[in-house]
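Student: Sharing structure.pdb below, PDB, C-alpha atoms and all ligand atoms:
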```
ATOM      1  CA  MET H   1     -28.259  11.642 -49.345
ATOM      2  CA  SER H   2     -26.479   8.608 -50.762
ATOM      3  CA  THR H   3     -23.665   6.830 -48.950
ATOM      4  CA  SER H   4     -21.169   7.738 -51.672
ATOM      5  CA  GLU H   5     -21.858  11.470 -51.111
ATOM      6  CA  ARG H   6     -21.354  11.110 -47.402
ATOM      7  CA  THR H   7     -18.212   9.016 -47.118
ATOM      8  CA  PRO H   8     -15.010   8.617 -49.121
ATOM      9  CA  VAL H   9     -15.555   4.969 -50.038
ATOM     10  CA  ASP H  10     -14.370   3.038 -53.083
ATOM     11  CA  VAL H  11     -16.547   0.223 -54.381
ATOM     12  CA  ILE H  12     -14.359  -2.294 -56.135
ATOM     13  CA  LYS H  13     -14.468  -5.878 -57.305
ATOM     14  CA  GLY H  14     -13.109  -8.335 -54.774
ATOM     15  CA  VAL H  15     -12.461 -12.061 -55.174
ATOM     16  CA  ASN H  16     -14.706 -13.704 -57.821
ATOM     17  CA  GLY H  17     -16.002 -10.253 -58.795
ATOM     18  CA  LEU H  18     -17.900  -9.859 -55.505
ATOM     19  CA  GLU H  19     -18.329  -6.192 -54.675
ATOM     20  CA  LYS H  20     -16.448  -4.796 -51.724
ATOM     21  CA  VAL H  21     -15.930  -1.401 -50.171
ATOM     22  CA  VAL H  22     -12.642  -0.181 -48.775
ATOM     23  CA  LEU H  23     -12.759   2.438 -46.028
ATOM     24  CA  ARG H  24      -9.533   4.327 -45.380
ATOM     25  CA  GLU H  25      -8.699   6.575 -42.490
ATOM     26  CA  VAL H  26      -6.293   9.512 -42.974
ATOM     27  CA  HIS H  27      -3.629   7.966 -40.718
ATOM     28  CA  GLY H  28      -3.444   4.856 -42.896
ATOM     29  CA  SER H  29      -5.755   2.313 -41.289
ATOM     30  CA  SER H  30      -8.318   0.570 -43.479
ATOM     31  CA  VAL H  31     -11.288  -1.782 -43.480
ATOM     32  CA  GLU H  32     -12.678  -3.953 -46.275
ATOM     33  CA  VAL H  33     -16.349  -4.903 -46.335
ATOM     34  CA  TYR H  34     -17.931  -7.314 -48.805
ATOM     35  CA  LEU H  35     -21.564  -6.573 -49.644
ATOM     36  CA  TYR H  36     -21.977 -10.360 -49.550
ATOM     37  CA  GLY H  37     -22.833 -10.858 -45.873
ATOM     38  CA  ALA H  38     -21.910  -7.223 -45.016
ATOM     39  CA  HIS H  39     -18.799  -9.111 -44.124
ATOM     40  CA  VAL H  40     -15.710  -7.297 -42.819
ATOM     41  CA  THR H  41     -12.852  -9.294 -44.355
ATOM     42  CA  SER H  42      -9.912  -7.067 -43.465
ATOM     43  CA  TRP H  43      -9.003  -4.540 -40.784
ATOM     44  CA  LYS H  44      -5.531  -3.025 -40.969
ATOM     45  CA  ASN H  45      -3.884  -0.674 -38.527
ATOM     46  CA  GLU H  46      -1.903   2.473 -39.380
ATOM     47  CA  HIS H  47       1.183   0.322 -40.139
ATOM     48  CA  GLY H  48      -0.780  -1.776 -42.627
ATOM     49  CA  GLU H  49      -0.765  -4.842 -40.355
ATOM     50  CA  GLU H  50      -3.758  -7.182 -40.761
ATOM     51  CA  LEU H  51      -5.679  -7.611 -37.505
ATOM     52  CA  LEU H  52      -8.298 -10.133 -38.615
ATOM     53  CA  PHE H  53      -7.822 -13.753 -39.617
ATOM     54  CA  ILE H  54      -9.139 -14.947 -42.952
ATOM     55  CA  SER H  55      -8.692 -18.551 -44.012
ATOM     56  CA  SER H  56      -6.223 -19.220 -46.836
ATOM     57  CA  LYS H  57      -8.754 -21.826 -48.067
ATOM     58  CA  GLU H  58     -11.561 -19.289 -48.388
ATOM     59  CA  THR H  59     -12.979 -19.380 -51.929
ATOM     60  CA  PHE H  60     -15.478 -16.490 -51.737
ATOM     61  CA  LYS H  61     -18.172 -18.554 -53.414
ATOM     62  CA  PRO H  62     -21.746 -17.794 -52.350
ATOM     63  CA  PRO H  63     -23.823 -19.276 -50.806
ATOM     64  CA  LYS H  64     -21.007 -20.491 -48.534
ATOM     65  CA  PRO H  65     -20.330 -17.910 -45.819
ATOM     66  CA  ILE H  66     -16.857 -16.375 -45.729
ATOM     67  CA  ARG H  67     -14.481 -18.107 -43.272
ATOM     68  CA  GLY H  68     -12.797 -15.412 -41.224
ATOM     69  CA  GLY H  69     -13.155 -11.662 -40.757
ATOM     70  CA  ILE H  70     -16.416 -10.727 -39.030
ATOM     71  CA  PRO H  71     -19.426 -12.822 -40.054
ATOM     72  CA  ILE H  72     -22.747 -11.478 -38.791
ATOM     73  CA  CYS H  73     -24.838 -14.177 -37.134
ATOM     74  CA  PHE H  74     -28.489 -13.138 -37.470
ATOM     75  CA  PRO H  75     -31.347 -13.901 -36.870
ATOM     76  CA  GLN H  76     -30.023 -17.039 -35.217
ATOM     77  CA  PHE H  77     -26.786 -17.807 -33.443
ATOM     78  CA  SER H  78     -25.433 -21.333 -34.003
ATOM     79  CA  ASN H  79     -28.130 -24.028 -34.372
ATOM     80  CA  LEU H  80     -30.386 -22.596 -31.659
ATOM     81  CA  GLY H  81     -33.440 -22.528 -33.925
ATOM     82  CA  PRO H  82     -34.840 -23.749 -37.226
ATOM     83  CA  LEU H  83     -32.531 -21.798 -39.556
ATOM     84  CA  GLU H  84     -29.185 -22.696 -41.101
ATOM     85  CA  LEU H  85     -26.189 -22.456 -38.740
ATOM     86  CA  HIS H  86     -25.712 -18.818 -37.624
ATOM     87  CA  GLY H  87     -28.728 -17.572 -39.594
ATOM     88  CA  PHE H  88     -28.845 -16.147 -43.108
ATOM     89  CA  ALA H  89     -27.514 -12.565 -42.825
ATOM     90  CA  ARG H  90     -23.970 -13.752 -43.495
ATOM     91  CA  ASN H  91     -24.827 -15.203 -46.869
ATOM     92  CA  ARG H  92     -27.164 -12.600 -48.297
ATOM     93  CA  PHE H  93     -26.246  -9.689 -50.541
ATOM     94  CA  TRP H  94     -26.660  -6.445 -48.607
ATOM     95  CA  THR H  95     -27.171  -3.072 -50.299
ATOM     96  CA  PHE H  96     -26.120   0.497 -49.590
ATOM     97  CA  ASP H  97     -28.380   2.187 -47.108
ATOM     98  CA  ASP H  98     -29.436   5.503 -48.622
ATOM     99  CA  ASP H  99     -31.556   6.479 -45.661
ATOM    100  CA  PRO H 100     -29.573   5.464 -42.575
ATOM    101  CA  PRO H 101     -30.608   6.366 -39.055
ATOM    102  CA  PRO H 102     -29.359   9.829 -37.993
ATOM    103  CA  LEU H 103     -25.638  10.188 -37.327
ATOM    104  CA  PRO H 104     -24.395  10.411 -33.765
ATOM    105  CA  PRO H 105     -22.940  13.880 -33.053
ATOM    106  CA  ASP H 106     -19.288  12.725 -32.872
ATOM    107  CA  VAL H 107     -18.842  11.448 -36.409
ATOM    108  CA  THR H 108     -16.573  14.191 -37.712
ATOM    109  CA  ASN H 109     -13.283  12.816 -38.866
ATOM    110  CA  LYS H 110     -14.584   9.266 -39.037
ATOM    111  CA  VAL H 111     -15.048   7.131 -42.064
ATOM    112  CA  PHE H 112     -18.138   4.998 -42.229
ATOM    113  CA  LEU H 113     -20.377   2.907 -44.430
ATOM    114  CA  ASP H 114     -24.091   2.189 -44.090
ATOM    115  CA  LEU H 115     -25.551  -1.067 -45.371
ATOM    116  CA  ILE H 116     -29.030  -2.522 -45.155
ATOM    117  CA  LEU H 117     -30.625  -5.951 -45.296
ATOM    118  CA  ARG H 118     -34.326  -6.551 -45.891
ATOM    119  CA  PRO H 119     -35.770 -10.057 -46.225
ATOM    120  CA  THR H 120     -36.657 -11.338 -49.688
ATOM    121  CA  GLN H 121     -39.817 -13.370 -50.350
ATOM    122  CA  GLU H 122     -37.627 -16.485 -50.080
ATOM    123  CA  ASP H 123     -36.240 -15.344 -46.718
ATOM    124  CA  LEU H 124     -39.780 -14.726 -45.466
ATOM    125  CA  LYS H 125     -40.604 -18.363 -46.207
ATOM    126  CA  LEU H 126     -37.689 -19.416 -43.962
ATOM    127  CA  TRP H 127     -38.270 -16.800 -41.271
ATOM    128  CA  PRO H 128     -41.704 -15.150 -41.603
ATOM    129  CA  HIS H 129     -40.838 -11.776 -40.077
ATOM    130  CA  SER H 130     -40.459  -8.394 -41.764
ATOM    131  CA  PHE H 131     -37.415  -6.487 -40.613
ATOM    132  CA  GLU H 132     -34.946  -3.834 -41.587
ATOM    133  CA  TYR H 133     -31.367  -4.360 -40.525
ATOM    134  CA  HIS H 134     -29.169  -1.251 -40.715
ATOM    135  CA  LEU H 135     -25.447  -1.821 -40.251
ATOM    136  CA  ARG H 136     -22.949   0.985 -39.851
ATOM    137  CA  VAL H 137     -19.242   0.165 -40.155
ATOM    138  CA  THR H 138     -17.073   2.999 -38.829
ATOM    139  CA  LEU H 139     -13.322   3.376 -38.869
ATOM    140  CA  GLY H 140     -12.280   5.797 -36.149
ATOM    141  CA  PRO H 141      -9.044   7.616 -35.404
ATOM    142  CA  GLY H 142      -6.507   5.241 -33.838
ATOM    143  CA  SER H 143      -7.760   2.478 -36.213
ATOM    144  CA  ASP H 144     -10.753   1.613 -34.016
ATOM    145  CA  LEU H 145     -13.395  -0.415 -35.839
ATOM    146  CA  MET H 146     -17.016   0.022 -34.797
ATOM    147  CA  LEU H 147     -19.951  -2.071 -35.965
ATOM    148  CA  THR H 148     -23.399  -0.811 -35.063
ATOM    149  CA  SER H 149     -26.453  -2.909 -35.867
ATOM    150  CA  ARG H 150     -30.000  -1.624 -35.693
ATOM    151  CA  VAL H 151     -32.734  -4.152 -36.283
ATOM    152  CA  ARG H 152     -36.320  -2.957 -36.582
ATOM    153  CA  ASN H 153     -39.521  -4.983 -36.652
ATOM    154  CA  THR H 154     -41.319  -3.592 -39.715
ATOM    155  CA  GLY H 155     -44.131  -6.138 -39.588
ATOM    156  CA  THR H 156     -47.713  -5.020 -40.023
ATOM    157  CA  ASP H 157     -49.217  -8.209 -38.605
ATOM    158  CA  GLY H 158     -48.955  -6.972 -35.001
ATOM    159  CA  LYS H 159     -46.640  -9.866 -34.112
ATOM    160  CA  PRO H 160     -43.349  -9.661 -32.243
ATOM    161  CA  PHE H 161     -40.308 -11.619 -33.355
ATOM    162  CA  THR H 162     -37.342 -13.014 -31.478
ATOM    163  CA  PHE H 163     -33.743 -13.486 -32.547
ATOM    164  CA  THR H 164     -30.235 -14.279 -31.326
ATOM    165  CA  PHE H 165     -27.137 -12.555 -32.611
ATOM    166  CA  ALA H 166     -23.310 -12.482 -32.733
ATOM    167  CA  TYR H 167     -20.483 -10.525 -34.336
ATOM    168  CA  HIS H 168     -18.368 -13.601 -35.049
ATOM    169  CA  THR H 169     -14.997 -11.819 -35.018
ATOM    170  CA  TYR H 170     -11.914 -13.862 -36.018
ATOM    171  CA  PHE H 171      -8.907 -12.099 -34.465
ATOM    172  CA  ALA H 172      -5.531 -12.780 -36.077
ATOM    173  CA  VAL H 173      -3.045 -13.983 -33.460
ATOM    174  CA  SER H 174       0.588 -15.015 -33.812
ATOM    175  CA  ASP H 175       0.327 -18.260 -31.842
ATOM    176  CA  ILE H 176      -2.790 -19.345 -29.950
ATOM    177  CA  SER H 177      -0.662 -20.855 -27.155
ATOM    178  CA  GLU H 178       0.652 -17.346 -26.388
ATOM    179  CA  VAL H 179      -2.812 -15.780 -26.165
ATOM    180  CA  ARG H 180      -4.734 -14.844 -23.025
ATOM    181  CA  VAL H 181      -8.265 -13.509 -22.688
ATOM    182  CA  GLU H 182      -9.176 -11.296 -19.760
ATOM    183  CA  GLY H 183     -12.627 -10.185 -18.690
ATOM    184  CA  LEU H 184     -14.365 -13.566 -18.497
ATOM    185  CA  GLU H 185     -13.037 -14.718 -15.113
ATOM    186  CA  THR H 186     -15.558 -16.171 -12.635
ATOM    187  CA  LEU H 187     -18.392 -16.023 -15.177
ATOM    188  CA  ASP H 188     -20.843 -18.763 -16.014
ATOM    189  CA  TYR H 189     -20.647 -20.268 -19.481
ATOM    190  CA  LEU H 190     -22.429 -22.821 -21.623
ATOM    191  CA  ASP H 191     -19.963 -25.313 -23.036
ATOM    192  CA  ASN H 192     -20.786 -26.307 -26.610
ATOM    193  CA  CYS H 193     -18.170 -29.063 -26.362
ATOM    194  CA  GLN H 194     -20.180 -30.581 -23.487
ATOM    195  CA  LYS H 195     -23.795 -30.474 -24.678
ATOM    196  CA  ARG H 196     -24.177 -26.825 -23.659
ATOM    197  CA  GLU H 197     -23.866 -27.683 -19.977
ATOM    198  CA  ARG H 198     -23.421 -24.712 -17.669
ATOM    199  CA  PHE H 199     -20.084 -24.237 -15.851
ATOM    200  CA  THR H 200     -18.378 -21.446 -13.943
ATOM    201  CA  GLU H 201     -15.006 -20.152 -15.134
ATOM    202  CA  GLN H 202     -12.431 -20.810 -12.424
ATOM    203  CA  GLY H 203      -9.127 -19.560 -13.815
ATOM    204  CA  ASP H 204      -7.590 -16.083 -13.626
ATOM    205  CA  SER H 205      -7.675 -15.577 -17.355
ATOM    206  CA  LEU H 206      -8.333 -17.834 -20.298
ATOM    207  CA  THR H 207      -5.472 -19.579 -22.061
ATOM    208  CA  PHE H 208      -5.710 -22.145 -24.853
ATOM    209  CA  GLU H 209      -4.441 -25.674 -25.254
ATOM    210  CA  SER H 210      -7.378 -27.516 -26.846
ATOM    211  CA  GLU H 211     -10.677 -26.953 -28.648
ATOM    212  CA  ILE H 212     -12.866 -24.308 -27.046
ATOM    213  CA  ASP H 213     -16.479 -23.435 -27.870
ATOM    214  CA  ARG H 214     -18.174 -21.575 -25.033
ATOM    215  CA  ILE H 215     -20.870 -18.993 -24.550
ATOM    216  CA  TYR H 216     -19.913 -16.771 -21.597
ATOM    217  CA  LEU H 217     -23.007 -15.239 -20.059
ATOM    218  CA  SER H 218     -23.636 -11.648 -18.970
ATOM    219  CA  THR H 219     -20.037 -10.566 -19.383
ATOM    220  CA  PRO H 220     -18.519  -7.156 -18.624
ATOM    221  CA  THR H 221     -18.713  -4.708 -21.535
ATOM    222  CA  LYS H 222     -14.936  -4.836 -22.019
ATOM    223  CA  ILE H 223     -12.908  -7.952 -22.920
ATOM    224  CA  ALA H 224      -9.180  -8.069 -23.724
ATOM    225  CA  VAL H 225      -7.440 -10.527 -26.043
ATOM    226  CA  MET H 226      -3.714 -10.395 -25.331
ATOM    227  CA  ASP H 227      -1.247 -11.661 -27.913
ATOM    228  CA  HIS H 228       2.080 -11.855 -26.087
ATOM    229  CA  GLU H 229       4.198 -12.852 -29.042
ATOM    230  CA  LYS H 230       2.866 -10.019 -31.197
ATOM    231  CA  LYS H 231       2.870  -7.636 -28.221
ATOM    232  CA  ARG H 232      -0.644  -6.612 -29.092
ATOM    233  CA  THR H 233      -3.888  -6.412 -27.149
ATOM    234  CA  PHE H 234      -7.283  -6.351 -28.779
ATOM    235  CA  LEU H 235      -9.964  -4.608 -26.777
ATOM    236  CA  ILE H 236     -13.578  -5.479 -27.394
ATOM    237  CA  ARG H 237     -16.147  -3.020 -26.068
ATOM    238  CA  LYS H 238     -19.754  -3.996 -26.513
ATOM    239  CA  ASP H 239     -23.155  -2.582 -25.928
ATOM    240  CA  GLY H 240     -26.528  -4.349 -26.184
ATOM    241  CA  LEU H 241     -24.679  -7.674 -26.427
ATOM    242  CA  PRO H 242     -24.522  -9.291 -22.988
ATOM    243  CA  ASP H 243     -22.789 -12.568 -23.914
ATOM    244  CA  ALA H 244     -19.429 -13.469 -25.447
ATOM    245  CA  VAL H 245     -18.623 -16.601 -27.426
ATOM    246  CA  VAL H 246     -15.056 -17.928 -27.463
ATOM    247  CA  TRP H 247     -14.208 -20.390 -30.229
ATOM    248  CA  ASN H 248     -11.148 -22.138 -31.569
ATOM    249  CA  PRO H 249     -11.670 -25.422 -33.449
ATOM    250  CA  TRP H 250      -8.167 -26.780 -32.657
ATOM    251  CA  ASP H 251      -6.497 -29.454 -34.774
ATOM    252  CA  LYS H 252      -9.148 -32.159 -35.268
ATOM    253  CA  LYS H 253     -12.045 -29.859 -36.176
ATOM    254  CA  ALA H 254      -9.696 -27.714 -38.286
ATOM    255  CA  LYS H 255      -8.882 -30.770 -40.407
ATOM    256  CA  ALA H 256     -12.583 -31.511 -40.827
ATOM    257  CA  MET H 257     -13.393 -28.035 -42.206
ATOM    258  CA  VAL H 258     -12.865 -27.770 -45.964
ATOM    259  CA  ASP H 259     -12.512 -23.999 -45.897
ATOM    260  CA  PHE H 260      -9.895 -23.912 -43.141
ATOM    261  CA  GLY H 261      -6.184 -24.844 -43.264
ATOM    262  CA  ASP H 262      -5.057 -27.726 -41.026
ATOM    263  CA  ASP H 263      -2.749 -25.526 -38.941
ATOM    264  CA  GLU H 264      -4.666 -22.263 -39.155
ATOM    265  CA  TYR H 265      -6.274 -22.744 -35.757
ATOM    266  CA  LYS H 266      -2.923 -21.605 -34.327
ATOM    267  CA  HIS H 267      -3.363 -18.181 -35.846
ATOM    268  CA  MET H 268      -6.933 -17.252 -34.966
ATOM    269  CA  LEU H 269      -9.277 -16.842 -32.058
ATOM    270  CA  CYS H 270     -12.950 -15.966 -32.268
ATOM    271  CA  VAL H 271     -14.250 -13.785 -29.460
ATOM    272  CA  GLU H 272     -17.805 -12.878 -30.363
ATOM    273  CA  ALA H 273     -19.948 -10.136 -28.854
ATOM    274  CA  ALA H 274     -23.329 -11.845 -28.730
ATOM    275  CA  ALA H 275     -26.891 -12.011 -27.460
ATOM    276  CA  VAL H 276     -27.631 -15.702 -27.039
ATOM    277  CA  GLU H 277     -28.909 -16.704 -23.616
ATOM    278  CA  ASN H 278     -31.765 -14.200 -23.628
ATOM    279  CA  PRO H 279     -33.037 -13.823 -27.187
ATOM    280  CA  ILE H 280     -34.111 -10.327 -28.215
ATOM    281  CA  THR H 281     -37.785  -9.729 -28.816
ATOM    282  CA  LEU H 282     -39.052  -6.819 -30.905
ATOM    283  CA  LYS H 283     -42.674  -5.774 -31.188
ATOM    284  CA  PRO H 284     -43.777  -4.093 -34.433
ATOM    285  CA  GLY H 285     -42.089  -0.694 -34.680
ATOM    286  CA  GLU H 286     -39.475  -1.520 -32.042
ATOM    287  CA  GLU H 287     -35.748  -1.325 -32.713
ATOM    288  CA  TRP H 288     -32.752  -3.074 -31.153
ATOM    289  CA  ARG H 289     -29.219  -1.732 -31.228
ATOM    290  CA  GLY H 290     -26.084  -3.842 -30.749
ATOM    291  CA  ARG H 291     -22.645  -2.340 -31.019
ATOM    292  CA  GLN H 292     -19.078  -3.540 -30.843
ATOM    293  CA  GLN H 293     -15.952  -1.426 -30.883
ATOM    294  CA  LEU H 294     -12.605  -3.087 -31.541
ATOM    295  CA  SER H 295      -9.250  -1.509 -30.736
ATOM    296  CA  ALA H 296      -5.792  -2.955 -31.281
ATOM    297  CA  VAL H 297      -3.201  -1.603 -28.886
ATOM    298  CA  SER H 298       0.524  -2.218 -29.087
ATOM    299  CA  THR H 299       1.959  -3.404 -25.759
ATOM    300  CA  LEU H 300       5.566  -3.066 -26.943
ATOM    301  CA  LEU H 301       6.378  -0.421 -24.316
ATOM    302  CA  ASP H 302       4.799  -2.367 -21.431
ATOM    303  CA  SER H 303       7.044  -5.419 -21.730
TER     304      SER H 303
HETATM  305  C1  LIG C   1     -18.947 -20.553 -33.240
HETATM  306  C2  LIG C   1     -19.823 -21.623 -32.640
HETATM  307  O1  LIG C   1     -19.483 -19.307 -32.960
HETATM  308  O2  LIG C   1     -18.907 -20.732 -34.651
HETATM  309  C3  LIG C   1     -19.278 -22.974 -33.035
HETATM  310  O3  LIG C   1     -19.852 -21.471 -31.237
HETATM  311  C4  LIG C   1     -19.184 -23.108 -34.545
HETATM  312  O4  LIG C   1     -20.102 -24.005 -32.502
HETATM  313  C5  LIG C   1     -18.336 -21.939 -35.056
HETATM  314  O5  LIG C   1     -18.590 -24.334 -34.888
HETATM  315  C6  LIG C   1     -18.146 -21.912 -36.563
HETATM  316  O6  LIG C   1     -19.355 -21.934 -37.222
HETATM  317  P1  LIG C   1     -19.387 -21.937 -38.795
HETATM  318  O7  LIG C   1     -20.836 -22.101 -39.186
HETATM  319  O8  LIG C   1     -18.828 -20.624 -39.268
HETATM  320  O9  LIG C   1     -18.538 -23.104 -39.223
END
```
For the structure just supplied, provide its representation as structure tokens.

Tutor:
Amino acid sequence: MSTSERTPVDVIKGVNGLEKVVLREVHGSSVEVYLYGAHVTSWKNEHGEELLFISSKETFKPPKPIRGGIPICFPQFSNLGPLELHGFARNRFWTFDDDPPPLPPDVTNKVFLDLILRPTQEDLKLWPHSFEYHLRVTLGPGSDLMLTSRVRNTGTDGKPFTFTFAYHTYFAVSDISEVRVEGLETLDYLDNCQKRERFTEQGDSLTFESEIDRIYLSTPTKIAVMDHEKKRTFLIRKDGLPDAVVWNPWDKKAKAMVDFGDDEYKHMLCVEAAAVENPITLKPGEEWRGRQQLSAVSTLLDS
């Protein structure tokens, strides 16, 4: 059965004619996914409020990855290997997955999209491993956004392969100095700003007053990003993704990035469900599943 028969999706032309799909939920929430990178570029709640940050300087010109939304870092997170930064999945054209893995039993009333990435001959020269990457993007009731990745080793050479991964989510926040992250207290992290040295988080919760680029290790499955000014809390629930990356470039790095406004660091925070410290190894025929569920909850009544 084709994706278009299964889900009420519109395929339309986005910026620069790049194809995108818009998923809409009956209560008014929506999600936009570009086939370029299988990149979620917009997630709006039932009131039409945008929940993800996308840079005003983004030009949507392949092969540059899209700055903002939810880039998929695969098969390599950061520069931890021979590939380009964050791997190649975020700047490849994905296609509709006409033969997705079976649906979980609770999908009634949910809107979803299945995409697939297979390596081209060129990709195999860069990373000589055959794989199938199935991505399901689901918009649930209450505006929840779920991303489920299934990566399978389809190689016939008998060889395993190893990869690292992240959903590089850029949350939109009103003012970074009013944001707090809970769920990472007392954990060990690798600090990318200090040569990936290992430290232990001391504070009660994370707040932000300078550049941050850390890989928190073996985190709980639930992390909260609290935006006090907006009176909104993002909840990240993750499965199969033990680590969490926290990134904000702050002013100096922001100025150095051509696809990022000088002051935009104030309005974003990346909290990334990831598998970095212990790379995932798949033998031929094996499959890995990594899932993140994002919720945005209004805290108006709690204040
Ligand atoms: C974060 C990394 O996940 O992504 C940072 O921890 C990196 O080190 C950032 O700078 C942005 O990467 P990119 O390739 O999108 O500019």

Student: Under the rule that all atoms listed in the file are counted, which of H:Arg90, H:His168, H:Lys222, H:Lys125 is the nearest residue to ligand LIG 1 (chain C)?

Tutor: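 Ranked by minimum distance to ligand LIG 1 (chain C), first place goes to H:His168.
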
Student: Since I can't run it myself right now, could you work out what the PyMOL selection byres (((chain H and resi 212-221) around 7) and not hetatm) selects here and report it as an MDAnalysis selection string?

Tutor: chainID H and resid 183:184 187:193 210:211 222:223 237:239 242:249

Student: So, with only C-alpha atoms as the atoms that count, which of H:Leu83, H:Glu50, H:Thr138, H:Gly68 lies closest to Glu25 (chain H)?

Tutor: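 Ranked by minimum distance to Glu25 (chain H), first place goes to H:Thr138.
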
Student: Running the PyMOL selection byres (((chain H and resi 283) around 12) and not hetatm) on this model by hand, what would come out? Give it as a ChimeraX atom specification.

Tutor: /H:129-131,151-163,280-282,284-288

Student: Quote the spacing between CA of Ser78 (chain H) and CA of Ala273 (chain H) in Å to one decimal place.

Tutor: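 We find that CA of Ser78 (chain H) and CA of Ala273 (chain H) lie 13.5 Å from each other.
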
Student: Would you write out, as a VMD selection string, every residue that the PyMOL selection byres (((chain H and resi 202) around 10) and not hetatm) captures in this file?

Tutor: chain H and resid 184 to 188 199 to 201 203 to 206

Student: Need to verify the contact set: region 53-61 of chain H, 6 Å, only C-alpha atoms, exclusion of same-chain residues closer than 5 positions in sequence. Can you return it as an MDAnalysis selection string?

Tutor: chainID H and resid 67:69 170:172 259:260 268

Student: Can you spit out the residues from that selection as a short mmCIF file (atom, residue, chain, number, x, y, z; two decimals), keeping the file's coordinate frame, using C-alpha atoms?

Tutor:
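See out_18.cif below for the written result:
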```cif
data_model
loop_
_atom_site.label_atom_id
_atom_site.label_comp_id
_atom_site.auth_asym_id
_atom_site.auth_seq_id
_atom_site.Cartn_x
_atom_site.Cartn_y
_atom_site.Cartn_z
CA ARG H 67 -14.48 -18.11 -43.27
CA GLY H 68 -12.80 -15.41 -41.22
CA GLY H 69 -13.16 -11.66 -40.76
CA TYR H 170 -11.91 -13.86 -36.02
CA PHE H 171 -8.91 -12.10 -34.47
CA ALA H 172 -5.53 -12.78 -36.08
CA ASP H 259 -12.51 -24.00 -45.90
CA PHE H 260 -9.90 -23.91 -43.14
CA MET H 268 -6.93 -17.25 -34.97
#
```

Student: If we count all atoms listed in the file and set the cut-off at 9 Å, which residues sit around Gln293 (chain H), ignoring sequence neighbours fewer than 6 positions away in its own chain? Please answer as a short mmCIF file (atom, residue, chain, number, x, y, z; two decimals) with C-alpha atoms, keeping the file's coordinate frame.

Tutor:
```
data_model
loop_
_atom_site.label_atom_id
_atom_site.label_comp_id
_atom_site.auth_asym_id
_atom_site.auth_seq_id
_atom_site.Cartn_x
_atom_site.Cartn_y
_atom_site.Cartn_z
CA ASP H 144 -10.75 1.61 -34.02
CA LEU H 145 -13.40 -0.42 -35.84
CA MET H 146 -17.02 0.02 -34.80
CA LEU H 147 -19.95 -2.07 -35.97
CA THR H 148 -23.40 -0.81 -35.06
CA LEU H 235 -9.96 -4.61 -26.78
CA ILE H 236 -13.58 -5.48 -27.39
CA ARG H 237 -16.15 -3.02 -26.07
CA LYS H 238 -19.75 -4.00 -26.51
CA ASP H 239 -23.16 -2.58 -25.93
#
```

Student: As an exercise, work out the distance from CA of Thr95 (chain H) to CA of Ile116 (chain H) in Å and give it to one decimal place.

Tutor: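 These two atoms are separated by 5.5 Å.
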
Student: Once you add 3 Å to each side, what are the centre and edge lengths of the axis-aligned box holding all listed atoms of ligand LIG 1 (chain C)? One decimal in Å, as lines of an AutoDock Vina configuration file, if you can.

Tutor:
```
center_x = -19.5
center_y = -21.8
center_z = -35.3
size_x = 8.7
size_y = 11.0
size_z = 14.0
```

Student: Write out as an NGL selection string the residues lying within 8 Å of Ile176 (chain H), counting only C-alpha atoms and excluding same-chain residues fewer than 6 positions away.

Tutor: :H and (208 or 265-269)

Student: Do you have the CA of Arg136 (chain H)-CA of Leu35 (chain H) distance handy?

Tutor: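 Atom-to-atom, CA of Arg136 (chain H) to CA of Leu35 (chain H), that is 12.4 Å.
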
Student: Nearest residue to ligand LIG 1 (chain C) out of H:Thr299, H:Thr169, H:Thr207, H:Ser42, using all atoms listed in the file?

Tutor: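 When distances to ligand LIG 1 (chain C) are compared using all atoms listed in the file, the smallest one comes from H:Thr169.
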
Student: Could you give me, as a PDB file with C-alpha atoms, in the frame of the given file, the residues within 9 Å of Gly48 (chain H), counting all atoms listed in the file and dropping anything in the same chain fewer than 5 positions from it?

Tutor:
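Now in out-v6.pdb:
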```pdb
ATOM      1  CA  GLY H  28      -3.444   4.856 -42.896  1.00  0.00           C
ATOM      2  CA  SER H  29      -5.755   2.313 -41.289  1.00  0.00           C
ATOM      3  CA  SER H  30      -8.318   0.570 -43.479  1.00  0.00           C
ATOM      4  CA  TRP H  43      -9.003  -4.540 -40.784  1.00  0.00           C
TER       5      TRP H  43
END
```

Student: Please determine, counting all atoms listed in the file, which residue among H:Arg289, H:Lys13, H:Lys20, H:Arg196 has the shortest atom-to-atom distance to ligand LIG 1 (chain C).

Tutor: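 Using all atoms listed in the file, ligand LIG 1 (chain C) sits closest to H:Arg196.
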
Student: Please tell me which residues are no farther than 6 Å from (-25.3, -17.7, -35.3) in the file, counting all atoms listed in the file, and write them as a compact mmCIF listing (two decimals) with C-alpha atoms, keeping the file's coordinate frame.

Tutor:
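Result file follows (selection07.txt):
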```txt
# COMPACT_ATOMS: atom_id res chain seq x y z
CA CYS H 73 -24.84 -14.18 -37.13
CA PHE H 74 -28.49 -13.14 -37.47
CA GLN H 76 -30.02 -17.04 -35.22
CA PHE H 77 -26.79 -17.81 -33.44
CA SER H 78 -25.43 -21.33 -34.00
CA LEU H 85 -26.19 -22.46 -38.74
CA HIS H 86 -25.71 -18.82 -37.62
CA GLY H 87 -28.73 -17.57 -39.59
```

Student: I'd like to know which of H:Gly240, H:Pro101, H:Pro63, H:Pro71 is closest to Glu272 (chain H), using only C-alpha atoms.

Tutor: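 Closest to Glu272 (chain H), using only C-alpha atoms: H:Pro71.
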
Student: Can you work out which one of H:Met257, H:Val111, H:Val21, H:Leu52 has the shortest atom-to-atom distance to ligand LIG 1 (chain C), counting all atoms listed in the file?

Tutor: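 Checking each of H:Met257, H:Val111, H:Val21, H:Leu52 against ligand LIG 1 (chain C), counting all atoms listed in the file, the winner is H:Met257.
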